[in-house]
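Colleague: So that you have it, the file is my_file11.tsv, and it contains TSV, N, CA and C atoms:
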```tsv
chain	number	residue	atom	x	y	z
I	104	MET	N	48.58	-17.54	-67.38
I	104	MET	CA	47.84	-18.61	-67.99
I	104	MET	C	47.80	-18.37	-69.49
I	105	GLU	N	47.81	-19.43	-70.22
I	105	GLU	CA	47.84	-19.30	-71.68
I	105	GLU	C	46.54	-18.70	-72.21
I	106	ARG	N	46.70	-17.98	-73.28
I	106	ARG	CA	45.55	-17.34	-73.92
I	106	ARG	C	44.57	-18.39	-74.46
I	107	LYS	N	45.10	-19.50	-74.93
I	107	LYS	CA	44.25	-20.56	-75.48
I	107	LYS	C	43.32	-21.13	-74.40
I	108	VAL	N	43.84	-21.30	-73.19
I	108	VAL	CA	43.02	-21.82	-72.10
I	108	VAL	C	41.92	-20.84	-71.74
I	109	LEU	N	42.25	-19.55	-71.73
I	109	LEU	CA	41.24	-18.55	-71.40
I	109	LEU	C	40.16	-18.45	-72.47
I	110	VAL	N	40.55	-18.58	-73.72
I	110	VAL	CA	39.56	-18.55	-74.81
I	110	VAL	C	38.64	-19.77	-74.72
I	111	LEU	N	39.21	-20.94	-74.47
I	111	LEU	CA	38.39	-22.15	-74.34
I	111	LEU	C	37.48	-22.06	-73.10
I	112	SER	N	37.98	-21.44	-72.04
I	112	SER	CA	37.15	-21.25	-70.85
I	112	SER	C	35.98	-20.32	-71.15
I	113	GLY	N	36.24	-19.26	-71.90
I	113	GLY	CA	35.16	-18.35	-72.30
I	113	GLY	C	34.13	-19.05	-73.16
I	114	LEU	N	34.59	-19.89	-74.08
I	114	LEU	CA	33.65	-20.66	-74.91
I	114	LEU	C	32.83	-21.63	-74.07
I	115	SER	N	33.46	-22.22	-73.07
I	115	SER	CA	32.74	-23.13	-72.18
I	115	SER	C	31.66	-22.38	-71.40
I	116	ILE	N	31.98	-21.18	-70.93
I	116	ILE	CA	30.98	-20.38	-70.21
I	116	ILE	C	29.83	-20.00	-71.15
I	117	LEU	N	30.14	-19.58	-72.36
I	117	LEU	CA	29.08	-19.23	-73.32
I	117	LEU	C	28.22	-20.44	-73.67
I	118	ALA	N	28.84	-21.60	-73.85
I	118	ALA	CA	28.08	-22.81	-74.15
I	118	ALA	C	27.19	-23.18	-72.96
I	119	GLY	N	27.70	-23.03	-71.74
I	119	GLY	CA	26.91	-23.31	-70.55
I	119	GLY	C	25.73	-22.37	-70.41
I	120	ILE	N	25.93	-21.11	-70.74
I	120	ILE	CA	24.84	-20.14	-70.69
I	120	ILE	C	23.77	-20.50	-71.72
I	121	CYS	N	24.20	-20.87	-72.91
I	121	CYS	CA	23.24	-21.27	-73.96
I	121	CYS	C	22.47	-22.52	-73.53
I	122	ILE	N	23.17	-23.50	-72.97
I	122	ILE	CA	22.51	-24.73	-72.54
I	122	ILE	C	21.55	-24.45	-71.39
I	123	GLY	N	21.96	-23.57	-70.45
I	123	GLY	CA	21.07	-23.22	-69.35
I	123	GLY	C	19.80	-22.54	-69.83
I	124	ALA	N	19.93	-21.65	-70.80
I	124	ALA	CA	18.75	-20.97	-71.33
I	124	ALA	C	17.89	-21.92	-72.16
I	125	LEU	N	18.50	-22.81	-72.92
I	125	LEU	CA	17.74	-23.74	-73.76
I	125	LEU	C	17.11	-24.87	-72.95
I	126	SER	N	17.53	-25.04	-71.69
I	126	SER	CA	16.93	-26.10	-70.89
I	126	SER	C	15.45	-25.86	-70.61
I	127	ALA	N	15.02	-24.62	-70.74
I	127	ALA	CA	13.60	-24.32	-70.54
I	127	ALA	C	12.74	-24.93	-71.63
I	128	PHE	N	13.35	-25.24	-72.75
I	128	PHE	CA	12.58	-25.76	-73.89
I	128	PHE	C	12.70	-27.27	-74.06
I	129	SER	N	13.49	-27.93	-73.21
I	129	SER	CA	13.57	-29.39	-73.29
I	129	SER	C	12.40	-29.98	-72.50
I	130	PRO	N	11.70	-30.91	-73.09
I	130	PRO	CA	10.43	-31.32	-72.50
I	130	PRO	C	10.54	-32.06	-71.16
I	131	ALA	N	11.29	-33.13	-71.09
I	131	ALA	CA	11.21	-33.97	-69.90
I	131	ALA	C	12.41	-33.84	-68.96
I	132	VAL	N	13.52	-33.39	-69.46
I	132	VAL	CA	14.76	-33.41	-68.66
I	132	VAL	C	15.28	-32.00	-68.40
I	133	LYS	N	14.40	-31.11	-68.01
I	133	LYS	CA	14.78	-29.71	-67.84
I	133	LYS	C	15.90	-29.54	-66.82
I	134	GLU	N	15.77	-30.15	-65.65
I	134	GLU	CA	16.76	-29.96	-64.59
I	134	GLU	C	18.10	-30.59	-64.95
I	135	LEU	N	18.08	-31.75	-65.57
I	135	LEU	CA	19.35	-32.39	-65.93
I	135	LEU	C	20.11	-31.56	-66.95
I	136	VAL	N	19.42	-31.03	-67.92
I	136	VAL	CA	20.07	-30.17	-68.92
I	136	VAL	C	20.56	-28.89	-68.26
I	137	ASN	N	19.79	-28.35	-67.32
I	137	ASN	CA	20.18	-27.14	-66.61
I	137	ASN	C	21.43	-27.39	-65.78
I	138	TYR	N	21.52	-28.52	-65.11
I	138	TYR	CA	22.73	-28.86	-64.36
I	138	TYR	C	23.93	-29.02	-65.27
I	139	GLY	N	23.71	-29.57	-66.45
I	139	GLY	CA	24.80	-29.67	-67.43
I	139	GLY	C	25.31	-28.30	-67.83
I	140	GLY	N	24.40	-27.35	-68.03
I	140	GLY	CA	24.80	-25.98	-68.33
I	140	GLY	C	25.59	-25.37	-67.18
I	141	GLY	N	25.15	-25.62	-65.94
I	141	GLY	CA	25.87	-25.13	-64.78
I	141	GLY	C	27.27	-25.72	-64.68
I	142	MET	N	27.40	-26.98	-65.03
I	142	MET	CA	28.72	-27.63	-65.00
I	142	MET	C	29.66	-27.03	-66.05
I	143	MET	N	29.12	-26.72	-67.21
I	143	MET	CA	29.97	-26.10	-68.25
I	143	MET	C	30.40	-24.70	-67.85
I	144	ILE	N	29.50	-23.95	-67.20
I	144	ILE	CA	29.87	-22.63	-66.70
I	144	ILE	C	30.95	-22.79	-65.62
I	145	LEU	N	30.78	-23.77	-64.75
I	145	LEU	CA	31.77	-24.03	-63.70
I	145	LEU	C	33.13	-24.36	-64.29
I	146	LEU	N	33.15	-25.15	-65.34
I	146	LEU	CA	34.41	-25.53	-65.98
I	146	LEU	C	35.19	-24.30	-66.43
I	147	GLY	N	34.54	-23.37	-67.07
I	147	GLY	CA	35.22	-22.15	-67.50
I	147	GLY	C	35.55	-21.23	-66.35
I	148	ALA	N	34.67	-21.17	-65.35
I	148	ALA	CA	34.88	-20.26	-64.22
I	148	ALA	C	36.07	-20.67	-63.37
I	149	VAL	N	36.35	-21.94	-63.27
I	149	VAL	CA	37.51	-22.40	-62.48
I	149	VAL	C	38.80	-21.84	-63.06
I	150	PHE	N	38.93	-21.89	-64.36
I	150	PHE	CA	40.16	-21.38	-64.99
I	150	PHE	C	40.24	-19.86	-64.93
I	151	TYR	N	39.10	-19.19	-65.09
I	151	TYR	CA	39.11	-17.73	-64.98
I	151	TYR	C	39.43	-17.29	-63.55
I	152	ASP	N	38.91	-17.99	-62.57
I	152	ASP	CA	39.23	-17.66	-61.19
I	152	ASP	C	40.72	-17.82	-60.92
I	153	SER	N	41.30	-18.90	-61.39
I	153	SER	CA	42.74	-19.12	-61.20
I	153	SER	C	43.56	-18.05	-61.92
I	154	ALA	N	43.13	-17.68	-63.11
I	154	ALA	CA	43.86	-16.66	-63.87
I	154	ALA	C	43.80	-15.30	-63.18
I	155	VAL	N	42.63	-14.94	-62.66
I	155	VAL	CA	42.49	-13.64	-61.99
I	155	VAL	C	43.31	-13.61	-60.71
I	156	VAL	N	43.26	-14.67	-59.93
I	156	VAL	CA	44.01	-14.71	-58.67
I	156	VAL	C	45.51	-14.66	-58.95
I	157	SER	N	45.98	-15.40	-59.94
I	157	SER	CA	47.42	-15.37	-60.24
I	157	SER	C	47.83	-14.02	-60.84
I	158	HIS	N	46.93	-13.36	-61.54
I	158	HIS	CA	47.25	-12.03	-62.08
I	158	HIS	C	47.34	-10.99	-60.96
I	159	ILE	N	46.45	-11.08	-60.00
I	159	ILE	CA	46.44	-10.10	-58.91
I	159	ILE	C	47.56	-10.35	-57.92
I	160	TYR	N	47.74	-11.59	-57.49
I	160	TYR	CA	48.69	-11.89	-56.42
I	160	TYR	C	50.01	-12.48	-56.91
I	161	GLY	N	50.12	-12.73	-58.20
I	161	GLY	CA	51.35	-13.30	-58.73
I	161	GLY	C	51.38	-14.81	-58.52
I	162	GLU	N	52.47	-15.40	-58.92
I	162	GLU	CA	52.62	-16.85	-58.79
I	162	GLU	C	52.86	-17.20	-57.32
I	163	GLY	N	52.58	-18.42	-56.98
I	163	GLY	CA	52.74	-18.85	-55.60
I	163	GLY	C	51.40	-18.89	-54.89
I	164	LYS	N	51.48	-19.06	-53.58
I	164	LYS	CA	50.26	-19.17	-52.78
I	164	LYS	C	49.71	-17.77	-52.48
I	165	PRO	N	48.43	-17.54	-52.80
I	165	PRO	CA	47.84	-16.21	-52.51
I	165	PRO	C	47.62	-16.05	-51.01
I	166	PRO	N	47.54	-14.81	-50.53
I	166	PRO	CA	47.30	-14.59	-49.10
I	166	PRO	C	45.88	-14.99	-48.70
I	167	LYS	N	45.67	-15.10	-47.41
I	167	LYS	CA	44.36	-15.54	-46.91
I	167	LYS	C	43.25	-14.54	-47.22
I	168	ARG	N	43.58	-13.28	-47.40
I	168	ARG	CA	42.52	-12.30	-47.70
I	168	ARG	C	41.91	-12.53	-49.09
I	169	SER	N	42.57	-13.34	-49.91
I	169	SER	CA	41.99	-13.65	-51.21
I	169	SER	C	40.78	-14.58	-51.07
I	170	LEU	N	40.57	-15.13	-49.89
I	170	LEU	CA	39.42	-16.02	-49.68
I	170	LEU	C	38.11	-15.27	-49.58
I	171	ILE	N	38.16	-13.95	-49.55
I	171	ILE	CA	36.93	-13.15	-49.54
I	171	ILE	C	36.10	-13.44	-50.79
I	172	ARG	N	36.77	-13.85	-51.84
I	172	ARG	CA	36.04	-14.14	-53.08
I	172	ARG	C	35.10	-15.33	-52.91
I	173	LEU	N	35.39	-16.23	-51.96
I	173	LEU	CA	34.50	-17.37	-51.72
I	173	LEU	C	33.17	-16.90	-51.16
I	174	ALA	N	33.21	-15.92	-50.26
I	174	ALA	CA	31.96	-15.37	-49.73
I	174	ALA	C	31.18	-14.64	-50.83
I	175	VAL	N	31.90	-13.97	-51.71
I	175	VAL	CA	31.24	-13.28	-52.83
I	175	VAL	C	30.60	-14.31	-53.76
I	176	TYR	N	31.30	-15.41	-54.04
I	176	TYR	CA	30.73	-16.46	-54.89
I	176	TYR	C	29.48	-17.06	-54.24
I	177	LEU	N	29.51	-17.28	-52.93
I	177	LEU	CA	28.35	-17.82	-52.24
I	177	LEU	C	27.17	-16.86	-52.28
I	178	LEU	N	27.45	-15.58	-52.09
I	178	LEU	CA	26.39	-14.57	-52.15
I	178	LEU	C	25.78	-14.50	-53.55
I	179	LEU	N	26.64	-14.55	-54.58
I	179	LEU	CA	26.13	-14.57	-55.95
I	179	LEU	C	25.29	-15.81	-56.22
I	180	ALA	N	25.72	-16.95	-55.68
I	180	ALA	CA	24.96	-18.19	-55.87
I	180	ALA	C	23.57	-18.08	-55.27
I	181	VAL	N	23.49	-17.56	-54.05
I	181	VAL	CA	22.18	-17.41	-53.40
I	181	VAL	C	21.31	-16.44	-54.19
I	182	CYS	N	21.91	-15.35	-54.63
I	182	CYS	CA	21.12	-14.37	-55.41
I	182	CYS	C	20.61	-14.98	-56.72
I	183	PHE	N	21.50	-15.68	-57.44
I	183	PHE	CA	21.08	-16.24	-58.72
I	183	PHE	C	20.07	-17.37	-58.57
I	184	ILE	N	20.10	-18.07	-57.46
I	184	ILE	CA	19.15	-19.16	-57.27
I	184	ILE	C	17.82	-18.67	-56.72
I	185	MET	N	17.85	-17.72	-55.78
I	185	MET	CA	16.64	-17.32	-55.08
I	185	MET	C	15.86	-16.16	-55.73
I	186	VAL	N	16.57	-15.18	-56.26
I	186	VAL	CA	15.90	-13.97	-56.75
I	186	VAL	C	14.94	-14.24	-57.91
I	187	PRO	N	15.25	-15.10	-58.88
I	187	PRO	CA	14.29	-15.30	-59.98
I	187	PRO	C	12.93	-15.83	-59.55
I	188	GLN	N	12.84	-16.40	-58.34
I	188	GLN	CA	11.53	-16.86	-57.86
I	188	GLN	C	10.62	-15.69	-57.53
I	189	TYR	N	11.21	-14.58	-57.13
I	189	TYR	CA	10.42	-13.43	-56.69
I	189	TYR	C	10.28	-12.34	-57.75
I	190	VAL	N	11.00	-12.47	-58.84
I	190	VAL	CA	10.96	-11.48	-59.91
I	190	VAL	C	10.27	-12.13	-61.11
I	191	ALA	N	9.43	-11.37	-61.77
I	191	ALA	CA	8.74	-11.89	-62.94
I	191	ALA	C	9.74	-12.02	-64.09
I	192	MET	N	10.09	-13.25	-64.42
I	192	MET	CA	11.03	-13.54	-65.51
I	192	MET	C	10.44	-14.63	-66.39
I	193	MET	N	10.95	-14.68	-67.58
I	193	MET	CA	10.60	-15.78	-68.47
I	193	MET	C	11.23	-17.06	-67.93
I	194	GLU	N	10.72	-18.19	-68.35
I	194	GLU	CA	11.25	-19.48	-67.89
I	194	GLU	C	12.71	-19.65	-68.28
I	195	ALA	N	13.08	-19.19	-69.46
I	195	ALA	CA	14.49	-19.32	-69.89
I	195	ALA	C	15.41	-18.48	-69.00
I	196	GLY	N	14.95	-17.32	-68.58
I	196	GLY	CA	15.74	-16.48	-67.68
I	196	GLY	C	15.92	-17.13	-66.32
I	197	ARG	N	14.86	-17.77	-65.81
I	197	ARG	CA	14.97	-18.48	-64.54
I	197	ARG	C	15.94	-19.63	-64.63
I	198	ARG	N	15.88	-20.35	-65.71
I	198	ARG	CA	16.79	-21.49	-65.89
I	198	ARG	C	18.23	-21.01	-66.00
I	199	LEU	N	18.44	-19.94	-66.71
I	199	LEU	CA	19.79	-19.39	-66.86
I	199	LEU	C	20.33	-18.92	-65.51
I	200	CYS	N	19.50	-18.25	-64.75
I	200	CYS	CA	19.94	-17.79	-63.41
I	200	CYS	C	20.23	-18.98	-62.51
I	201	ARG	N	19.44	-20.01	-62.60
I	201	ARG	CA	19.68	-21.19	-61.77
I	201	ARG	C	20.98	-21.88	-62.19
I	202	ALA	N	21.27	-21.94	-63.47
I	202	ALA	CA	22.54	-22.53	-63.93
I	202	ALA	C	23.73	-21.71	-63.43
I	203	LEU	N	23.62	-20.38	-63.48
I	203	LEU	CA	24.69	-19.53	-62.95
I	203	LEU	C	24.84	-19.70	-61.44
I	204	GLY	N	23.73	-19.82	-60.74
I	204	GLY	CA	23.78	-20.04	-59.30
I	204	GLY	C	24.44	-21.35	-58.94
I	205	ILE	N	24.12	-22.39	-59.67
I	205	ILE	CA	24.75	-23.69	-59.45
I	205	ILE	C	26.25	-23.60	-59.68
I	206	ALA	N	26.64	-22.91	-60.75
I	206	ALA	CA	28.07	-22.78	-61.05
I	206	ALA	C	28.80	-22.01	-59.96
I	207	PHE	N	28.23	-20.90	-59.49
I	207	PHE	CA	28.90	-20.13	-58.43
I	207	PHE	C	28.95	-20.90	-57.12
I	208	LEU	N	27.90	-21.62	-56.80
I	208	LEU	CA	27.89	-22.41	-55.57
I	208	LEU	C	28.97	-23.48	-55.61
I	209	LEU	N	29.05	-24.20	-56.70
I	209	LEU	CA	30.05	-25.25	-56.81
I	209	LEU	C	31.46	-24.68	-56.89
I	210	LEU	N	31.62	-23.51	-57.50
I	210	LEU	CA	32.94	-22.87	-57.55
I	210	LEU	C	33.39	-22.49	-56.15
I	211	ALA	N	32.50	-21.94	-55.34
I	211	ALA	CA	32.85	-21.59	-53.96
I	211	ALA	C	33.21	-22.83	-53.16
I	212	LEU	N	32.42	-23.89	-53.32
I	212	LEU	CA	32.71	-25.12	-52.59
I	212	LEU	C	34.01	-25.76	-53.04
I	213	LEU	N	34.28	-25.74	-54.33
I	213	LEU	CA	35.52	-26.31	-54.85
I	213	LEU	C	36.73	-25.56	-54.34
I	214	LYS	N	36.69	-24.24	-54.41
I	214	LYS	CA	37.83	-23.43	-53.95
I	214	LYS	C	38.01	-23.57	-52.44
I	215	PHE	N	36.92	-23.66	-51.68
I	215	PHE	CA	37.04	-23.87	-50.24
I	215	PHE	C	37.64	-25.23	-49.94
I	216	PHE	N	37.23	-26.26	-50.67
I	216	PHE	CA	37.79	-27.59	-50.49
I	216	PHE	C	39.28	-27.61	-50.79
I	217	VAL	N	39.67	-26.97	-51.87
I	217	VAL	CA	41.09	-26.92	-52.23
I	217	VAL	C	41.88	-26.18	-51.16
I	218	PHE	N	41.34	-25.07	-50.65
I	218	PHE	CA	42.04	-24.30	-49.61
I	218	PHE	C	42.20	-25.13	-48.34
I	219	THR	N	41.14	-25.80	-47.89
I	219	THR	CA	41.24	-26.57	-46.65
I	219	THR	C	42.13	-27.79	-46.82
I	220	THR	N	42.11	-28.40	-47.99
I	220	THR	CA	42.97	-29.56	-48.23
I	220	THR	C	44.43	-29.16	-48.24
I	221	MET	N	44.74	-28.04	-48.91
I	221	MET	CA	46.12	-27.57	-48.93
I	221	MET	C	46.58	-27.13	-47.55
I	222	GLY	N	45.69	-26.48	-46.78
I	222	GLY	CA	46.04	-26.07	-45.43
I	222	GLY	C	46.29	-27.27	-44.54
I	223	GLU	N	45.48	-28.30	-44.67
I	223	GLU	CA	45.68	-29.51	-43.89
I	223	GLU	C	46.97	-30.21	-44.27
I	224	GLN	N	47.29	-30.18	-45.56
I	224	GLN	CA	48.51	-30.83	-46.02
I	224	GLN	C	49.75	-30.10	-45.46
I	225	GLU	N	49.69	-28.77	-45.40
I	225	GLU	CA	50.80	-28.01	-44.83
I	225	GLU	C	50.97	-28.28	-43.35
I	226	ILE	N	49.87	-28.48	-42.63
I	226	ILE	CA	49.94	-28.74	-41.19
I	226	ILE	C	50.56	-30.13	-40.93
I	227	THR	N	50.18	-31.11	-41.74
I	227	THR	CA	50.69	-32.47	-41.51
I	227	THR	C	52.12	-32.66	-42.02
I	228	ASP	N	52.58	-31.82	-42.93
I	228	ASP	CA	53.96	-31.97	-43.44
I	228	ASP	C	55.00	-31.43	-42.50
```
What is this structure when it is put down as structure tokens?
Modeller:
Amino acid sequence: MERKVLVLSGLSILAGICIGALSAFSPAVKELVNYGGGMMILLGAVFYDSAVVSHIYGEGKPPKRSLIRLAVYLLLAVCFIMVPQYVAMMEAGRRLCRALGIAFLLLALLKFFVFTTMGEQEITD
């Protein structure tokens, strides 16, 4: 993957983290701003996930054991969404963790959807 894409993905993740943390200070639209931060983190994470998988497994279709990362993403999502409720954190920290949880949850769902769609396409072809 090109270096430019990875740099822009990193900037997107940093911007999403900043937006997620700053959503605690927006008066009326806290959740909407927090979801926007999660979406920006997701945007960068999709490209980083693809880059890491292609670096580890090379070009082409990765083996099925690479799907273990989906379970890890789901576990991270649950941790980032649920744990801040039980730990004493500032509001900005809770919002940031929730934005990261949203991003990991959607990343796992997106990658699972892509895997099942490609698998179904191979079966029907």
Colleague: May I have the protein, DNA and RNA residues with any atom at most 6.5 Å from the point (22.8, -20.9, -62.7), counting only N, CA and C atoms, written as an MDAnalysis selection string?
Modeller: chainID I and resid 141 183 198:207
Colleague: Can you tell me how far CA of Glu105 (chain I) sits from atom C of Ala174 (chain I), in Å to one decimal?
Modeller: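 One can read the CA of Glu105 (chain I) to atom C of Ala174 (chain I) distance as 27.1 Å.
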Colleague: Once you add 6 Å to each side, what are the centre and edge lengths of the axis-aligned box holding all listed atoms of region 124-136 of chain I? One decimal in Å, as lines of an AutoDock Vina configuration file, if you can.
Modeller:
```
center_x = 15.5
center_y = -27.5
center_z = -69.3
size_x = 22.1
size_y = 25.0
size_z = 21.5
```
Colleague: Figure out the distance between CA of Ala195 (chain I) and CA of Leu125 (chain I), please, to one decimal in Å.
Modeller: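 Answer for the CA of Leu125 (chain I) to CA of Ala195 (chain I) separation: 6.7 Å.
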Colleague: Quick one: of I:Leu179, I:Val136, I:Ala124, I:Ala148, who's nearest to Met193 (chain I), counting only C-alpha atoms?
Modeller: I:Ala124
